[in-house]
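So this one's protein-v8.cif, mmCIF, C-alpha atoms and all ligand atoms:
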```cif
data_my_file
#
loop_
_atom_site.label_atom_id
_atom_site.label_comp_id
_atom_site.auth_asym_id
_atom_site.auth_seq_id
_atom_site.Cartn_x
_atom_site.Cartn_y
_atom_site.Cartn_z
CA MET A 1 20.05 12.14 -8.23
CA THR A 2 20.08 10.08 -11.38
CA ASN A 3 22.07 6.93 -11.09
CA SER A 4 23.65 4.69 -13.72
CA ALA A 5 21.92 6.66 -16.46
CA GLY A 6 24.91 6.29 -18.80
CA ASP A 7 23.43 4.12 -21.52
CA LEU A 8 19.86 5.39 -21.70
CA SER A 9 19.41 4.26 -25.28
CA GLY A 10 20.54 0.70 -24.51
CA ASN A 11 17.85 -1.94 -24.72
CA PHE A 12 16.57 -3.48 -21.55
CA ASP A 13 14.65 -6.71 -21.18
CA ALA A 14 12.20 -4.82 -18.99
CA ALA A 15 11.54 -1.24 -17.97
CA VAL A 16 9.63 -0.86 -14.71
CA ILE A 17 7.96 2.54 -14.37
CA GLY A 18 7.38 3.72 -10.81
CA GLY A 19 9.72 3.13 -7.89
CA GLY A 20 7.21 2.47 -5.10
CA VAL A 21 7.15 -0.84 -3.27
CA MET A 22 5.44 -2.56 -6.22
CA GLY A 23 7.91 -1.36 -8.85
CA CYS A 24 11.01 -1.84 -6.67
CA ALA A 25 10.03 -5.40 -5.71
CA THR A 26 9.16 -6.34 -9.30
CA ALA A 27 12.40 -4.86 -10.68
CA LEU A 28 14.51 -6.57 -8.01
CA HIS A 29 13.06 -10.01 -8.69
CA LEU A 30 13.19 -9.61 -12.47
CA ALA A 31 16.90 -8.77 -12.18
CA ARG A 32 17.45 -11.73 -9.87
CA GLY A 33 15.77 -13.86 -12.55
CA GLY A 34 18.44 -12.79 -15.05
CA MET A 35 16.77 -9.88 -16.85
CA ARG A 36 18.42 -6.60 -17.71
CA VAL A 37 16.14 -4.14 -15.96
CA ALA A 38 15.70 -0.36 -15.84
CA LEU A 39 13.63 1.11 -13.00
CA VAL A 40 12.43 4.62 -13.84
CA GLU A 41 11.10 6.82 -11.03
CA ARG A 42 10.29 10.49 -11.42
CA GLY A 43 11.14 11.31 -7.77
CA GLY A 44 12.98 9.29 -5.14
CA LEU A 45 12.34 5.59 -4.55
CA CYS A 46 9.40 4.95 -2.21
CA THR A 47 8.50 8.59 -1.66
CA GLU A 48 4.83 8.58 -2.74
CA ALA A 49 2.34 6.13 -1.14
CA SER A 50 5.18 3.71 -0.37
CA GLY A 51 7.03 6.26 1.77
CA ARG A 52 4.05 8.09 3.29
CA ASN A 53 1.99 5.20 4.53
CA ALA A 54 1.30 4.13 8.11
CA GLY A 55 3.53 1.08 7.80
CA THR A 56 0.96 -1.25 9.37
CA LEU A 57 1.43 -4.89 8.47
CA THR A 58 -1.73 -6.91 8.94
CA PRO A 59 -3.89 -9.59 7.32
CA MET A 60 -6.98 -7.95 8.93
CA PHE A 61 -7.36 -5.37 6.18
CA PRO A 62 -6.89 -6.92 2.71
CA ALA A 63 -9.79 -8.78 1.06
CA PRO A 64 -10.15 -12.34 2.44
CA PHE A 65 -8.79 -13.92 -0.78
CA LEU A 66 -5.60 -11.94 -0.22
CA VAL A 67 -4.94 -13.08 3.35
CA PRO A 68 -2.29 -15.68 2.34
CA TYR A 69 -0.65 -13.05 0.10
CA ALA A 70 -0.58 -10.54 2.97
CA GLN A 71 0.92 -13.14 5.29
CA ARG A 72 3.70 -13.86 2.74
CA GLY A 73 4.32 -10.10 2.39
CA MET A 74 4.54 -9.71 6.17
CA GLU A 75 6.99 -12.59 6.37
CA MET A 76 9.12 -10.89 3.70
CA TRP A 77 9.23 -7.63 5.69
CA LYS A 78 10.14 -9.59 8.80
CA THR A 79 13.01 -11.30 6.99
CA ALA A 80 14.06 -8.22 4.96
CA PRO A 81 17.73 -8.46 6.04
CA GLN A 82 17.88 -11.78 4.18
CA TRP A 83 16.41 -10.75 0.81
CA LEU A 84 16.72 -6.95 0.88
CA GLY A 85 20.09 -6.72 2.58
CA ARG A 86 18.77 -4.76 5.58
CA GLY A 87 15.72 -4.39 7.75
CA ILE A 88 13.54 -1.29 7.84
CA GLY A 89 12.57 -1.17 11.50
CA TYR A 90 10.21 -4.15 11.58
CA GLN A 91 8.27 -4.28 14.86
CA ALA A 92 6.21 -7.36 15.78
CA ARG A 93 3.52 -5.94 18.05
CA GLY A 94 0.17 -7.62 17.43
CA GLY A 95 -2.89 -5.64 16.37
CA LEU A 96 -6.25 -4.92 18.02
CA GLU A 97 -9.28 -3.77 16.09
CA LEU A 98 -11.99 -2.21 18.25
CA ALA A 99 -15.73 -1.80 17.70
CA PHE A 100 -17.71 0.80 19.67
CA THR A 101 -21.11 0.99 17.97
CA GLU A 102 -23.53 -1.80 17.10
CA ALA A 103 -22.82 -1.33 13.41
CA GLU A 104 -19.08 -1.55 14.06
CA VAL A 105 -19.54 -4.76 16.09
CA ALA A 106 -21.54 -6.33 13.25
CA GLY A 107 -18.98 -5.20 10.66
CA LEU A 108 -16.03 -6.40 12.73
CA GLU A 109 -17.52 -9.83 13.41
CA SER A 110 -18.50 -10.37 9.80
CA GLU A 111 -15.24 -9.11 8.21
CA MET A 112 -12.91 -10.79 10.69
CA GLY A 113 -14.90 -14.02 10.45
CA GLU A 114 -14.21 -14.06 6.68
CA ARG A 115 -10.49 -13.51 7.28
CA VAL A 116 -10.35 -16.27 9.92
CA ARG A 117 -11.88 -18.65 7.36
CA ALA A 118 -9.17 -17.50 4.92
CA GLY A 119 -6.48 -18.57 7.40
CA ALA A 120 -5.70 -15.36 9.33
CA PRO A 121 -4.85 -16.04 13.01
CA ILE A 122 -7.44 -13.56 14.30
CA ARG A 123 -9.44 -13.99 17.49
CA ILE A 124 -12.62 -12.07 18.30
CA MET A 125 -12.88 -11.25 21.98
CA ASP A 126 -14.61 -9.12 24.57
CA ILE A 127 -13.07 -5.88 25.67
CA GLU A 128 -11.87 -7.23 29.05
CA GLU A 129 -9.66 -9.73 27.24
CA ALA A 130 -8.50 -7.06 24.80
CA ARG A 131 -7.51 -4.83 27.71
CA ARG A 132 -5.40 -7.61 29.16
CA ILE A 133 -3.45 -7.53 25.88
CA GLU A 134 -3.35 -3.72 25.69
CA PRO A 135 -4.41 -1.96 28.91
CA SER A 136 -4.35 1.47 27.19
CA VAL A 137 -7.46 0.82 25.08
CA SER A 138 -10.81 2.13 26.22
CA ALA A 139 -13.09 -0.03 28.35
CA LYS A 140 -16.00 1.55 26.41
CA ALA A 141 -15.28 -0.53 23.29
CA ARG A 142 -17.81 -3.34 22.94
CA ARG A 143 -15.85 -5.92 20.99
CA ALA A 144 -12.33 -6.44 19.67
CA ALA A 145 -10.39 -8.63 17.25
CA PHE A 146 -6.76 -9.48 17.93
CA CYS A 147 -4.17 -10.61 15.43
CA PRO A 148 -0.90 -11.60 17.14
CA ILE A 149 1.20 -11.45 13.94
CA ASP A 150 0.44 -7.78 13.18
CA GLY A 151 3.26 -5.29 13.27
CA PHE A 152 4.62 -2.21 11.60
CA ILE A 153 7.63 -0.98 9.76
CA GLU A 154 9.31 2.34 9.01
CA SER A 155 8.06 2.64 5.47
CA ASN A 156 9.99 5.86 4.86
CA ALA A 157 13.21 3.88 5.11
CA GLY A 158 12.17 1.48 2.33
CA GLY A 159 13.57 3.56 -0.54
CA ARG A 160 17.13 3.50 0.76
CA ALA A 161 17.01 -0.26 1.37
CA PHE A 162 15.55 -1.00 -2.07
CA ARG A 163 18.05 1.31 -3.75
CA SER A 164 21.12 -0.53 -2.52
CA ALA A 165 19.55 -3.95 -3.20
CA LEU A 166 18.54 -2.92 -6.74
CA LEU A 167 21.97 -1.53 -7.56
CA GLY A 168 23.60 -4.60 -6.02
CA ASP A 169 21.57 -6.80 -8.36
CA GLY A 170 22.49 -4.79 -11.44
CA VAL A 171 19.24 -2.84 -11.96
CA THR A 172 19.71 0.49 -13.74
CA VAL A 173 17.99 2.83 -11.30
CA LEU A 174 16.86 6.04 -12.98
CA ASP A 175 15.42 8.10 -10.17
CA GLN A 176 14.49 11.78 -10.58
CA THR A 177 13.58 10.72 -14.13
CA GLU A 178 10.00 11.14 -15.30
CA VAL A 179 8.61 8.93 -18.04
CA LEU A 180 6.86 11.28 -20.48
CA SER A 181 5.44 8.77 -22.94
CA ILE A 182 5.55 5.13 -23.98
CA GLU A 183 5.31 4.00 -27.59
CA ARG A 184 5.26 0.55 -29.06
CA ARG A 185 7.85 0.29 -31.83
CA ALA A 186 8.86 -2.83 -33.76
CA GLY A 187 7.99 -5.34 -31.05
CA ALA A 188 9.51 -3.28 -28.24
CA PHE A 189 8.71 -0.21 -26.18
CA ALA A 190 10.29 3.21 -26.57
CA LEU A 191 10.14 5.32 -23.44
CA ALA A 192 10.70 9.06 -23.62
CA THR A 193 12.00 10.26 -20.27
CA GLY A 194 13.18 13.56 -18.88
CA ALA A 195 16.75 12.25 -19.21
CA GLY A 196 16.58 10.72 -22.71
CA ASN A 197 14.99 7.75 -24.44
CA LEU A 198 15.25 4.13 -23.58
CA GLY A 199 14.09 0.91 -25.19
CA ALA A 200 12.77 -2.20 -23.49
CA GLY A 201 11.28 -5.51 -24.58
CA ARG A 202 8.66 -5.34 -21.83
CA VAL A 203 7.18 -2.60 -19.68
CA VAL A 204 5.72 -2.84 -16.20
CA LEU A 205 3.42 0.00 -15.14
CA ALA A 206 3.94 0.33 -11.39
CA ALA A 207 3.04 4.00 -11.09
CA GLY A 208 0.46 3.73 -8.29
CA ALA A 209 -2.21 6.43 -8.59
CA TRP A 210 -0.66 7.51 -11.92
CA ILE A 211 -1.26 4.16 -13.67
CA PRO A 212 -4.35 5.38 -15.64
CA LYS A 213 -2.30 8.11 -17.32
CA MET A 214 0.29 5.57 -18.45
CA ALA A 215 -2.24 2.99 -19.56
CA ALA A 216 -3.76 5.73 -21.75
CA TRP A 217 -0.39 6.05 -23.54
CA LEU A 218 -0.88 2.39 -24.53
CA GLY A 219 -4.44 3.05 -25.68
CA LEU A 220 -6.25 1.74 -22.58
CA ASP A 221 -8.83 3.61 -20.55
CA LEU A 222 -8.66 1.92 -17.14
CA PRO A 223 -11.42 2.90 -14.68
CA ILE A 224 -9.06 3.38 -11.75
CA THR A 225 -9.99 5.99 -9.15
CA VAL A 226 -7.77 7.78 -6.66
CA ARG A 227 -8.28 8.34 -2.97
CA ILE A 228 -6.37 10.60 -0.62
CA HIS A 229 -5.22 9.05 2.66
CA GLN A 230 -4.15 11.19 5.58
CA MET A 231 -1.61 10.69 8.35
CA VAL A 232 -1.52 12.72 11.58
CA VAL A 233 1.51 12.63 13.88
CA SER A 234 1.64 13.66 17.55
CA GLU A 235 4.51 14.96 19.61
CA ARG A 236 6.67 12.29 21.24
CA LEU A 237 4.87 10.68 24.18
CA ALA A 238 5.94 8.42 27.01
CA PRO A 239 5.34 4.72 26.23
CA LEU A 240 1.56 4.31 26.00
CA LEU A 241 0.73 1.75 23.36
CA ARG A 242 2.38 -1.53 22.50
CA VAL A 243 0.10 -3.04 19.86
CA VAL A 244 -1.29 -1.43 16.71
CA VAL A 245 -4.87 -0.28 17.40
CA ARG A 246 -7.63 0.33 14.87
CA ILE A 247 -11.27 1.32 15.19
CA PHE A 248 -13.33 -0.65 12.69
CA GLY A 249 -13.81 1.47 9.55
CA ARG A 250 -12.35 4.61 11.15
CA GLY A 251 -8.55 4.46 11.20
CA SER A 252 -5.41 3.15 12.83
CA PHE A 253 -3.22 4.30 15.73
CA LYS A 254 0.27 3.22 16.64
CA GLN A 255 3.13 4.50 18.73
CA ALA A 256 6.37 4.71 16.78
CA VAL A 257 9.65 3.70 18.37
CA ASN A 258 10.49 7.40 18.95
CA GLY A 259 7.29 7.88 20.97
CA SER A 260 5.21 9.77 18.35
CA MET A 261 1.68 8.55 17.85
CA LEU A 262 0.75 7.93 14.19
CA LEU A 263 -2.92 8.25 13.27
CA GLY A 264 -4.00 7.07 9.85
CA THR A 265 -7.33 7.84 8.20
CA VAL A 266 -8.83 8.48 4.75
CA LEU A 267 -9.77 11.85 3.32
CA HIS A 268 -11.73 11.78 0.06
CA TRP A 269 -11.71 10.72 -3.58
CA ILE A 270 -10.27 12.83 -6.37
CA SER A 271 -10.76 12.41 -10.09
CA ALA A 272 -7.10 11.78 -10.98
CA ALA A 273 -3.71 11.82 -9.27
CA ASP A 274 -2.54 14.78 -11.34
CA ARG A 275 -5.47 16.83 -10.00
CA GLU A 276 -4.52 16.46 -6.32
CA ALA A 277 -3.48 20.10 -5.91
CA ASP A 278 -6.80 21.36 -7.39
CA GLU A 279 -9.14 18.89 -5.79
CA ILE A 280 -7.79 18.43 -2.28
CA ASP A 281 -10.34 19.85 0.13
CA ARG A 282 -8.33 21.79 2.75
CA VAL A 283 -11.33 22.24 5.07
CA ALA A 284 -11.97 18.49 4.93
CA LEU A 285 -8.29 17.95 5.67
CA ILE A 286 -8.50 19.88 8.94
CA ARG A 287 -11.87 18.36 9.87
CA ARG A 288 -10.56 14.86 9.17
CA MET A 289 -7.50 15.55 11.28
CA ALA A 290 -9.73 16.56 14.21
CA TRP A 291 -11.88 13.45 13.59
CA ALA A 292 -8.79 11.21 13.62
CA VAL A 293 -7.66 12.78 16.91
CA ARG A 294 -11.14 12.33 18.45
CA ASN A 295 -11.16 8.70 17.35
CA GLY A 296 -7.67 8.24 18.76
CA CYS A 297 -8.78 9.61 22.14
CA GLU A 298 -11.89 7.42 22.08
CA ALA A 299 -9.79 4.29 21.46
CA ILE A 300 -6.87 5.27 23.70
CA PRO A 301 -8.01 7.70 26.43
CA GLY A 302 -4.39 8.34 27.48
CA LEU A 303 -3.93 10.23 24.20
CA ALA A 304 -6.06 13.15 25.41
CA GLY A 305 -4.01 16.32 25.62
CA ALA A 306 -1.30 15.12 23.21
CA ARG A 307 -0.34 17.79 20.68
CA VAL A 308 -0.50 17.23 16.94
CA LEU A 309 2.77 18.08 15.22
CA ARG A 310 2.03 17.53 11.56
CA THR A 311 -0.16 15.92 8.97
CA TRP A 312 0.47 14.72 5.43
CA THR A 313 -1.42 13.02 2.64
CA GLY A 314 -0.71 10.29 0.12
CA LEU A 315 -2.53 8.90 -2.90
CA GLU A 316 -3.82 5.39 -3.45
CA ALA A 317 -5.32 3.89 -6.60
CA TYR A 318 -8.46 1.74 -6.48
CA ALA A 319 -10.14 -0.50 -9.02
CA PRO A 320 -13.96 -0.33 -8.94
CA ASP A 321 -14.11 -3.78 -7.28
CA ASN A 322 -11.46 -2.77 -4.71
CA LEU A 323 -9.20 -5.68 -5.75
CA PRO A 324 -5.60 -5.56 -7.03
CA VAL A 325 -4.77 -5.09 -10.70
CA ILE A 326 -1.76 -7.27 -11.47
CA GLY A 327 -0.79 -9.02 -14.70
CA PRO A 328 -0.61 -8.43 -18.45
CA LEU A 329 -2.52 -5.46 -19.82
CA PRO A 330 -5.51 -6.58 -21.90
CA GLY A 331 -4.46 -7.68 -25.39
CA MET A 332 -0.72 -7.48 -24.62
CA ASP A 333 1.75 -10.11 -23.49
CA ASP A 334 4.70 -7.77 -23.02
CA ALA A 335 3.12 -4.91 -21.04
CA PHE A 336 2.17 -5.47 -17.42
CA VAL A 337 0.62 -3.53 -14.58
CA ILE A 338 0.86 -3.89 -10.80
CA GLY A 339 -1.13 -1.74 -8.39
CA CYS A 340 -4.49 -0.93 -6.76
CA GLN A 341 -3.69 -3.20 -3.86
CA ARG A 342 -5.45 -2.35 -0.64
CA SER A 343 -2.82 -2.77 2.13
CA GLY A 344 -0.32 -2.53 -0.68
CA PHE A 345 2.65 -1.98 1.57
CA THR A 346 1.91 -5.17 3.52
CA CYS A 347 1.56 -7.26 0.37
CA GLY A 348 3.90 -5.29 -1.94
CA PRO A 349 7.18 -7.22 -1.71
CA PHE A 350 5.39 -10.51 -2.31
CA MET A 351 3.17 -9.26 -5.15
CA GLY A 352 6.25 -7.85 -6.93
CA ARG A 353 7.93 -11.22 -6.61
CA LEU A 354 4.85 -13.00 -8.01
CA LEU A 355 4.60 -10.65 -11.00
CA ALA A 356 8.31 -11.17 -11.69
CA ASP A 357 7.72 -14.95 -11.59
CA LEU A 358 4.87 -14.57 -14.08
CA ILE A 359 7.01 -12.50 -16.46
CA LEU A 360 9.97 -14.87 -16.09
CA GLY A 361 7.72 -17.88 -16.79
CA ARG A 362 8.34 -19.37 -13.36
CA GLN A 363 5.93 -21.22 -11.12
CA PRO A 364 4.71 -18.64 -8.57
CA GLU A 365 4.37 -19.58 -4.92
CA LEU A 366 0.69 -18.54 -4.96
CA PRO A 367 -1.57 -18.00 -8.01
CA ILE A 368 -1.07 -14.68 -9.77
CA ALA A 369 -2.54 -15.46 -13.21
CA HIS A 370 -5.96 -15.43 -11.55
CA PRO A 371 -9.25 -13.66 -12.39
CA VAL A 372 -9.04 -11.73 -9.08
CA PHE A 373 -5.91 -9.93 -10.31
CA ASP A 374 -6.63 -9.86 -14.07
CA PRO A 375 -6.34 -6.28 -15.43
CA GLY A 376 -8.65 -7.34 -18.30
CA ARG A 377 -11.66 -7.42 -15.94
CA LEU A 378 -11.47 -3.63 -15.69
CA LEU A 379 -12.56 -3.15 -19.30
CA ALA A 380 -16.08 -4.15 -18.35
CA MET A 381 -16.19 -1.75 -15.38
CA ARG A 382 -16.69 1.96 -14.95
CA PRO A 383 -15.34 4.04 -12.07
CA ASP A 384 -18.02 4.93 -9.60
CA ALA A 385 -16.88 6.97 -6.65
CA ASN A 386 -20.40 6.80 -5.20
CA SER A 387 -20.56 3.03 -5.33
CA THR A 388 -21.22 0.96 -2.24
CA THR A 389 -17.58 -0.12 -2.25
CA ALA A 390 -16.40 3.46 -2.32
CA ARG A 391 -18.70 4.43 0.53
CA ALA A 392 -17.75 1.41 2.62
CA LEU A 393 -14.12 2.36 2.31
CA SER A 394 -14.46 5.93 3.43
C1 LIG B 1 -1.26 7.70 3.87
C2 LIG B 1 -1.28 6.24 3.49
C3 LIG B 1 -1.31 5.27 4.49
C4 LIG B 1 -1.26 3.91 4.14
N1 LIG B 1 -1.12 2.99 5.13
C5 LIG B 1 -0.86 1.69 4.81
C6 LIG B 1 -0.55 0.75 5.83
O1 LIG B 1 -0.48 1.10 7.01
N2 LIG B 1 -0.29 -0.54 5.46
C7 LIG B 1 -0.32 -0.93 4.16
O2 LIG B 1 -0.11 -2.13 3.89
N3 LIG B 1 -0.61 -0.05 3.16
C8 LIG B 1 -0.85 1.24 3.46
N4 LIG B 1 -1.11 2.14 2.47
C9 LIG B 1 -1.15 1.67 1.09
C10 LIG B 1 0.25 1.51 0.49
O3 LIG B 1 1.09 2.57 0.88
C11 LIG B 1 0.15 1.47 -1.03
O4 LIG B 1 -0.79 0.47 -1.40
C12 LIG B 1 1.47 1.11 -1.69
O5 LIG B 1 2.54 1.85 -1.15
C13 LIG B 1 1.36 1.39 -3.19
O6 LIG B 1 2.61 1.15 -3.77
P1 LIG B 1 2.83 1.45 -5.33
O7 LIG B 1 4.23 1.07 -5.61
O8 LIG B 1 1.74 0.81 -6.11
O9 LIG B 1 2.58 3.04 -5.49
P2 LIG B 1 3.50 4.29 -5.09
O10 LIG B 1 4.25 4.05 -3.84
O11 LIG B 1 2.61 5.50 -5.14
O12 LIG B 1 4.56 4.35 -6.25
C14 LIG B 1 4.25 4.78 -7.56
C15 LIG B 1 5.47 5.53 -8.06
O13 LIG B 1 5.29 5.86 -9.46
C16 LIG B 1 5.97 7.05 -9.68
N5 LIG B 1 5.54 7.68 -10.94
C17 LIG B 1 4.32 8.21 -11.22
N6 LIG B 1 4.32 8.72 -12.47
C18 LIG B 1 5.56 8.52 -12.97
C19 LIG B 1 6.18 8.85 -14.22
N7 LIG B 1 5.51 9.48 -15.19
N8 LIG B 1 7.48 8.49 -14.42
C20 LIG B 1 8.18 7.82 -13.44
N9 LIG B 1 7.64 7.51 -12.24
C21 LIG B 1 6.34 7.85 -12.02
C22 LIG B 1 5.62 7.90 -8.46
O14 LIG B 1 6.53 8.97 -8.29
C23 LIG B 1 5.66 6.86 -7.35
O15 LIG B 1 6.92 6.85 -6.67
C24 LIG B 1 -1.23 3.51 2.76
C25 LIG B 1 -1.26 4.48 1.77
C26 LIG B 1 -1.27 5.83 2.11
C27 LIG B 1 -1.26 6.83 1.01
#
```
Render the structure in this file as structure tokens.
Ligand SMILES: Cc1cc2nc3c(=O)[nH]c(=O)nc-3n(C[C@H](O)[C@H](O)[C@H](O)COP(=O)(O)OP(=O)(O)OC[C@H]3O[C@@H](n4cnc5c(N)ncnc54)[C@H](O)[C@@H]3O)c2cc1C
Amino acid sequence: MTNSAGDLSGNFDAAVIGGGVMGCATALHLARGGMRVALVERGGLCTEASGRNAGTLTPMFPAPFLVPYAQRGMEMWKTAPQWLGRGIGYQARGGLELAFTEAEVAGLESEMGERVRAGAPIRIMDIEEARRIEPSVSAKARRAAFCPIDGFIESNAGGRAFRSALLGDGVTVLDQTEVLSIERRAGAFALATGAGNLGAGRVVLAAGAWIPKMAAWLGLDLPITVRIHQMVVSERLAPLLRVVVRIFGRGSFKQAVNGSMLLGTVLHWISAADREADEIDRVALIRRMAWAVRNGCEAIPGLAGARVLRTWTGLEAYAPDNLPVIGPLPGMDDAFVIGCQRSGFTCGPFMGRLLADLILGRQPELPIAHPVFDPGRLLAMRPDANSTTARALS
């Protein structure tokens, strides 16, 4: 349903394209900073990656530099009733990451060590101690890392919460409205949408896996690649698992409040988000589902025999260096991008607030005009789905 679409031709201070967590958070904070904002989303708010994700909140997964950003994002989800007007099922549970093989032990110790040095409250422990925290995990694991602040959230409820907050703060929410092109005209941007044209002094590209297509409208070829993630959901089970469990490099497992077990894993890379239907490998989908279930049973033996009810996929964008892309587009001071954030749901509300601060000329709580985020760095890179980074992620 399109909302508040009355004055489509009116000029906005900023048009945010893409109503996932990144776009919603940016639009909300721009409006709270006094800007007249349009948020344009071709479907419903938070229905792509931001509504299909596993909802895990953890500082164990983002790059070490991003640990303080992830912790701020987690705090925002925890306090959502205060800034978003309502909570979306936040559960503080703690998280255990398990390592079974020698390679997994080495990877776990090295990666978690880096995050501890970056300030994450993670403890590496033997499996006996881990089983005192979560008796359901397998005694066959060799090593574990525990983060007491981990939790999860019902990400599929985020769209409704953002919608009422955005409307309450005066954002013109144009959902079910696809942006078809962006043109620069006389110092502003003209957006052609499925529901008419609109003008804005600034644009923010927050279109997740579809960012490259939009950047191309502004003459930029950004080497962003797209990966399919997969979720598998079991029937409702009796209480089995309290904490969020992961196996290093393999996937995550959590028991939702309704008893279903949620298994998250990754599928494969595709060349572009618009090619998902052509390039999704259905055999790999089934194999990966079986792999996720086997991993689940290895980590949590009590899962054996549980029936799988359904599986779905979602798309995530990645920069070649696996770091976020947030800030002004190269050569422009009025066009911005926000995306490619690993653990983007964890960090999303905070990153949107930081980008809004940058656009509003305010002092951000943590650095955002930083080389780590700079979209300009991408111009010197090429996508390489066979790179070490890509392989390490799969
Ligand atoms: C299956 C899965 C599991 C995940 N698990 C976790 C997790 O447990 N924890 C975590 O922190 N992160 C997780 N992530 C990552 C996280 O979900 C993403 O990083 C984050 O949601 C990205 O948000 P976004 O706003 O950048 O993109 P999206 O949520 O994809 O939003 C982009 C929006 O742009 C819109 N759009 C595209 N083209 C147009 C157009 N032409 N006009 C208008 N709108 C357009 C799309 O419809 C979409 O709604 C997971 C991701 C997936 C896919």
Note to self: Report as JSON, numbers by chain all protein, DNA and RNA residues lying within 10 Å of segment 300-311 of chain A, evaluated on all atoms listed in the file, omitting residues in the same chain fewer than 2 positions from it.
What the structure shows: {"A": [134, 135, 136, 137, 138, 139, 230, 231, 232, 233, 234, 235, 236, 237, 240, 241, 245, 253, 260, 261, 262, 263, 264, 285, 286, 289, 290, 293, 294, 295, 296, 297, 298, 313]}
Those selected residues, please, written with C-alpha atoms and delivered as a PDB file, in the frame of the given file.
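Saved the output as selection.pdb:
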```
ATOM      1  CA  GLU A 134      -3.350  -3.720  25.690  1.00  0.00           C
ATOM      2  CA  PRO A 135      -4.410  -1.960  28.910  1.00  0.00           C
ATOM      3  CA  SER A 136      -4.350   1.470  27.190  1.00  0.00           C
ATOM      4  CA  VAL A 137      -7.460   0.820  25.080  1.00  0.00           C
ATOM      5  CA  SER A 138     -10.810   2.130  26.220  1.00  0.00           C
ATOM      6  CA  ALA A 139     -13.090  -0.030  28.350  1.00  0.00           C
ATOM      7  CA  GLN A 230      -4.150  11.190   5.580  1.00  0.00           C
ATOM      8  CA  MET A 231      -1.610  10.690   8.350  1.00  0.00           C
ATOM      9  CA  VAL A 232      -1.520  12.720  11.580  1.00  0.00           C
ATOM     10  CA  VAL A 233       1.510  12.630  13.880  1.00  0.00           C
ATOM     11  CA  SER A 234       1.640  13.660  17.550  1.00  0.00           C
ATOM     12  CA  GLU A 235       4.510  14.960  19.610  1.00  0.00           C
ATOM     13  CA  ARG A 236       6.670  12.290  21.240  1.00  0.00           C
ATOM     14  CA  LEU A 237       4.870  10.680  24.180  1.00  0.00           C
ATOM     15  CA  LEU A 240       1.560   4.310  26.000  1.00  0.00           C
ATOM     16  CA  LEU A 241       0.730   1.750  23.360  1.00  0.00           C
ATOM     17  CA  VAL A 245      -4.870  -0.280  17.400  1.00  0.00           C
ATOM     18  CA  PHE A 253      -3.220   4.300  15.730  1.00  0.00           C
ATOM     19  CA  SER A 260       5.210   9.770  18.350  1.00  0.00           C
ATOM     20  CA  MET A 261       1.680   8.550  17.850  1.00  0.00           C
ATOM     21  CA  LEU A 262       0.750   7.930  14.190  1.00  0.00           C
ATOM     22  CA  LEU A 263      -2.920   8.250  13.270  1.00  0.00           C
ATOM     23  CA  GLY A 264      -4.000   7.070   9.850  1.00  0.00           C
ATOM     24  CA  LEU A 285      -8.290  17.950   5.670  1.00  0.00           C
ATOM     25  CA  ILE A 286      -8.500  19.880   8.940  1.00  0.00           C
ATOM     26  CA  MET A 289      -7.500  15.550  11.280  1.00  0.00           C
ATOM     27  CA  ALA A 290      -9.730  16.560  14.210  1.00  0.00           C
ATOM     28  CA  VAL A 293      -7.660  12.780  16.910  1.00  0.00           C
ATOM     29  CA  ARG A 294     -11.140  12.330  18.450  1.00  0.00           C
ATOM     30  CA  ASN A 295     -11.160   8.700  17.350  1.00  0.00           C
ATOM     31  CA  GLY A 296      -7.670   8.240  18.760  1.00  0.00           C
ATOM     32  CA  CYS A 297      -8.780   9.610  22.140  1.00  0.00           C
ATOM     33  CA  GLU A 298     -11.890   7.420  22.080  1.00  0.00           C
ATOM     34  CA  THR A 313      -1.420  13.020   2.640  1.00  0.00           C
TER      35      THR A 313
END
```
Margin query: When you count only C-alpha atoms and all ligand atoms, which of these residues is closest to ligand LIG 1 (chain B): A:Ile368, A:Leu205, A:Leu355, A:Ala190?
Written below: A:Leu205
Next item on the list: Work out how far apart atom CA of Leu267 of chain A and atom CA of Ile211 of chain A are and give it in Å to one decimal.
Entry: 20.5 Å
Margin query: Report, in Å with one decimal, the straight-line distance from atom CA of Gly199 of chain A to atom CA of Leu167 of chain A.
Written below: 19.5 Å
Margin query: Please compute the atom CA of Gly201 of chain A-atom CA of Ile182 of chain A distance, one decimal, in Å.
Written below: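 Pair atom CA of Gly201 of chain A / atom CA of Ile182 of chain A returns 12.1 Å.
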Margin query: With 9 Å as the threshold, what does the neighbourhood of (-4.3, -14.7, 17.0) contain in terms of residues, counting all atoms listed in the file? Coordinates are those of the file; answer as a list in words.
Written below: Gly94, Ala120, Pro121, Ile122, Arg123, Ile124, Ala145, Phe146, Cys147, Pro148 and Ile149 of chain A
Keeping only C-alpha atoms, write the selected residues as an mmCIF file, in the frame of the given file.
```cif
data_model
loop_
_atom_site.group_PDB
_atom_site.id
_atom_site.type_symbol
_atom_site.label_atom_id
_atom_site.label_comp_id
_atom_site.auth_asym_id
_atom_site.auth_seq_id
_atom_site.Cartn_x
_atom_site.Cartn_y
_atom_site.Cartn_z
ATOM 1 C CA GLY A 94 0.170 -7.620 17.430
ATOM 2 C CA ALA A 120 -5.700 -15.360 9.330
ATOM 3 C CA PRO A 121 -4.850 -16.040 13.010
ATOM 4 C CA ILE A 122 -7.440 -13.560 14.300
ATOM 5 C CA ARG A 123 -9.440 -13.990 17.490
ATOM 6 C CA ILE A 124 -12.620 -12.070 18.300
ATOM 7 C CA ALA A 145 -10.390 -8.630 17.250
ATOM 8 C CA PHE A 146 -6.760 -9.480 17.930
ATOM 9 C CA CYS A 147 -4.170 -10.610 15.430
ATOM 10 C CA PRO A 148 -0.900 -11.600 17.140
ATOM 11 C CA ILE A 149 1.200 -11.450 13.940
#
```
